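One file, run.cif, carrying mmCIF, C-alpha atoms:
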```cif
data_start
#
loop_
_atom_site.label_atom_id
_atom_site.label_comp_id
_atom_site.auth_asym_id
_atom_site.auth_seq_id
_atom_site.Cartn_x
_atom_site.Cartn_y
_atom_site.Cartn_z
CA MET D 1 0.00 0.00 0.00
CA GLU D 2 1.33 3.40 -0.96
CA ASP D 3 0.28 5.19 2.23
CA CYS D 4 1.28 2.42 4.67
CA ILE D 5 3.98 3.70 7.03
CA PHE D 6 5.39 0.20 7.56
CA CYS D 7 5.64 -0.41 3.82
CA LYS D 8 7.52 2.90 3.59
CA ILE D 9 9.90 1.76 6.35
CA ILE D 10 10.45 -1.53 4.48
CA LYS D 11 11.24 0.44 1.27
CA ARG D 12 13.56 2.77 3.26
CA GLU D 13 11.39 5.77 2.44
CA ILE D 14 11.09 6.48 6.18
CA PRO D 15 14.09 5.99 8.51
CA SER D 16 13.84 3.61 11.44
CA GLU D 17 16.12 1.96 14.01
CA ILE D 18 16.26 -1.50 12.45
CA VAL D 19 17.06 -4.33 14.86
CA TYR D 20 16.82 -7.23 12.39
CA GLU D 21 15.89 -7.78 8.77
CA ASP D 22 15.74 -10.62 6.30
CA GLU D 23 13.75 -11.43 3.16
CA LYS D 24 10.49 -12.01 5.10
CA VAL D 25 10.43 -9.58 8.03
CA ILE D 26 11.76 -6.31 9.34
CA VAL D 27 12.15 -5.58 13.05
CA PHE D 28 12.62 -2.09 14.43
CA ASN D 29 12.37 -0.12 17.66
CA ASP D 30 8.98 1.41 18.44
CA VAL D 31 9.12 5.22 18.29
CA ASN D 32 6.91 5.44 21.42
CA PRO D 33 8.22 2.61 23.62
CA ALA D 34 6.01 1.29 26.40
CA ALA D 35 8.88 -0.67 27.98
CA PRO D 36 12.71 -0.56 27.98
CA ILE D 37 12.57 -3.08 25.12
CA HIS D 38 9.76 -2.38 22.65
CA ILE D 39 10.29 -3.63 19.14
CA LEU D 40 7.90 -4.17 16.26
CA VAL D 41 8.11 -7.30 14.13
CA VAL D 42 6.56 -6.62 10.73
CA PRO D 43 6.18 -9.01 7.81
CA LYS D 44 7.31 -7.52 4.51
CA LYS D 45 4.16 -8.87 2.91
CA HIS D 46 1.40 -6.31 3.39
CA ILE D 47 -1.47 -7.86 5.33
CA ALA D 48 -3.75 -5.19 6.78
CA THR D 49 -5.18 -7.02 9.82
CA LEU D 50 -5.07 -10.44 11.43
CA LEU D 51 -8.48 -11.09 9.84
CA GLU D 52 -6.72 -11.12 6.46
CA VAL D 53 -4.21 -13.83 7.41
CA SER D 54 -4.88 -16.85 5.19
CA GLU D 55 -3.71 -20.46 5.09
CA GLU D 56 -0.96 -19.43 2.68
CA ASP D 57 0.41 -17.22 5.48
CA ASP D 58 0.78 -20.10 7.98
CA THR D 59 4.51 -20.41 7.38
CA LEU D 60 5.01 -16.65 7.60
CA ILE D 61 3.23 -16.34 10.95
CA SER D 62 5.20 -19.27 12.37
CA TYR D 63 8.40 -17.68 11.04
CA ILE D 64 7.57 -14.38 12.80
CA TYR D 65 7.44 -16.18 16.15
CA GLN D 66 10.76 -17.89 15.37
CA VAL D 67 12.30 -14.47 14.72
CA ILE D 68 10.84 -13.14 17.99
CA ASN D 69 12.43 -16.07 19.87
CA LYS D 70 15.78 -15.55 18.13
CA ILE D 71 15.87 -11.83 18.95
CA ALA D 72 14.79 -12.39 22.57
CA LYS D 73 17.60 -14.89 23.07
CA GLU D 74 20.26 -12.86 21.23
CA ARG D 75 19.38 -9.61 23.02
CA GLY D 76 19.23 -11.30 26.43
CA PHE D 77 15.62 -10.76 27.48
CA ALA D 78 14.27 -14.26 26.82
CA GLU D 79 15.15 -15.65 30.24
CA ASN D 80 13.26 -12.98 32.22
CA GLY D 81 10.31 -13.05 29.84
CA PHE D 82 8.58 -10.75 27.42
CA ARG D 83 5.14 -9.95 26.03
CA VAL D 84 3.97 -10.26 22.42
CA ILE D 85 0.92 -8.24 21.37
CA ALA D 86 -0.87 -8.24 18.03
CA ASN D 87 -3.80 -5.85 17.76
CA CYS D 88 -6.57 -6.35 15.20
CA GLY D 89 -8.63 -3.39 14.03
CA LYS D 90 -9.32 0.09 15.29
CA ASP D 91 -11.10 -0.86 18.53
CA SER D 92 -8.04 -2.88 19.61
CA GLY D 93 -5.77 0.10 19.17
CA GLN D 94 -4.26 -0.96 15.84
CA GLU D 95 -3.03 2.33 14.42
CA VAL D 96 -1.17 1.05 11.35
CA MET D 97 -3.18 -1.24 9.10
CA HIS D 98 -0.30 -3.64 8.41
CA ILE D 99 -0.06 -6.58 10.80
CA HIS D 100 2.72 -6.24 13.32
CA PHE D 101 3.74 -7.76 16.60
CA HIS D 102 4.79 -5.64 19.58
CA VAL D 103 7.50 -7.33 21.64
CA LEU D 104 7.95 -5.77 25.08
CA GLY D 105 10.45 -6.62 27.78
CA GLY D 106 13.27 -5.36 29.91
CA LYS D 107 11.15 -4.91 33.06
CA LYS D 108 8.36 -6.58 34.99
CA LEU D 109 5.24 -5.88 32.97
CA GLY D 110 1.92 -5.22 34.68
CA ALA D 111 -1.53 -6.12 33.44
CA LYS D 112 -1.86 -2.94 31.34
CA ILE D 113 -2.35 -3.65 27.65
CA VAL D 114 -0.56 -1.35 25.17
CA GLY D 115 -1.78 -0.30 21.74
#
```
Translate the structure described by the file into structure tokens.
Amino acid sequence: MEDCIFCKIIKREIPSEIVYEDEKVIVFNDVNPAAPIHILVVPKKHIATLLEVSEEDDTLISYIYQVINKIAKERGFAENGFRVIANCGKDSGQEVMHIHFHVLGGKKLGAKIVG
């Protein structure tokens, strides 16, 4: 999508602090972190919401969780734990209509849910 901010980050039209990238995903620091560690894991394939994930995306979604595990272990926050959040639609707080996974860690997280 032309107006999708995450697609623009993927195309390097908008700068971002990239943590990890490969042919399937890009991972970058959230510009408004809700925890000491707050990264976004974004598939390069544009899928607007979780409701649009299809069977052909099964491998991609599994791969995203593998990348999350790899980053958590490499960056040293796997052992203490972390939270993964995927919002779906406006009422959930999804602000960018391109699926993405918030990964939060680096402190004890309370029950508050972030958007």
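You can rank D:Phe77, D:Leu50, D:Phe101, D:Tyr63 by their closest distance to Val27 of chain D using only C-alpha atoms, and at the top of that list sits D:Phe101.
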Inset, instruction - Evaluate the PyMOL selection byres ((chain D and resi 97) around 10) here and jot the selected residues down as an MDAnalysis selection string. - result: chainID D and resid 1 4:6 46:50 87:90 94:96 98:100
For segment 107-111 of chain D, I'd like the enclosing box, axis-aligned and padded by 4 Å on every side, reported as JSON with centre and edge lengths in Å to one decimal.
```
{"center_x": 4.8, "center_y": -5.7, "center_z": 34.0, "size_x": 20.7, "size_y": 9.7, "size_z": 10.0}
```
Legend entry - Shortest interatomic distance to Ala78 of chain D - which of D:Gly106, D:Asp58, D:Gly93, D:Ile64, counting all atoms listed in the file: D:Gly106
Inset, instruction - Using only C-alpha atoms, determine which residues lie at most 9 Å from Ala72 of chain D, disregarding the query and same-chain residues fewer than 4 positions distant; provide the list as a PyMOL selection string. - result: chain D and resi 67-68+76-79+81-82+103+105
Legend entry - Residues in the PyMOL selection byres ((chain D and resi 102) around 7), expressed as an MDAnalysis selection string: chainID D and resid 38:41 84:86 100:101 103:104
Legend entry - Atomic distance atom CA of Asn32 of chain D - atom CA of Ile61 of chain D, expressed in Å with one decimal: 24.4 Å
Inset, instruction - Work out how far atom CA of Ala111 of chain D is from atom CA of Ile71 of chain D, in Å to one decimal. - result: 23.4 Å
Inset, instruction - Using only C-alpha atoms, find the one residue out of D:Ile14, D:Val25, D:Leu60, D:Val31 that sits nearest to Pro43 of chain D. - result: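 Checking each of D:Ile14, D:Val25, D:Leu60, D:Val31 against Pro43 of chain D, counting only C-alpha atoms, the winner is D:Val25.
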Inset, instruction - Determine the nearest neighbour of Asn69 of chain D from the options D:Lys24, D:Lys107, D:Lys45, D:Arg83, counting only C-alpha atoms. - result: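 Among the listed residues, D:Arg83 lies closest to Asn69 of chain D.
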Legend entry - Atomic distance atom CA of Glu55 of chain D - atom CA of Arg12 of chain D, expressed in Å with one decimal: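 Separating atom CA of Glu55 of chain D from atom CA of Arg12 of chain D is a distance of 29.0 Å.
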Inset, instruction - Would you please work out which residue, of D:Val42, D:Glu74, D:Asn80, D:Pro36, is nearest to Ile18 of chain D when using only C-alpha atoms? - result: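 Smallest separation from Ile18 of chain D among the options: D:Val42.
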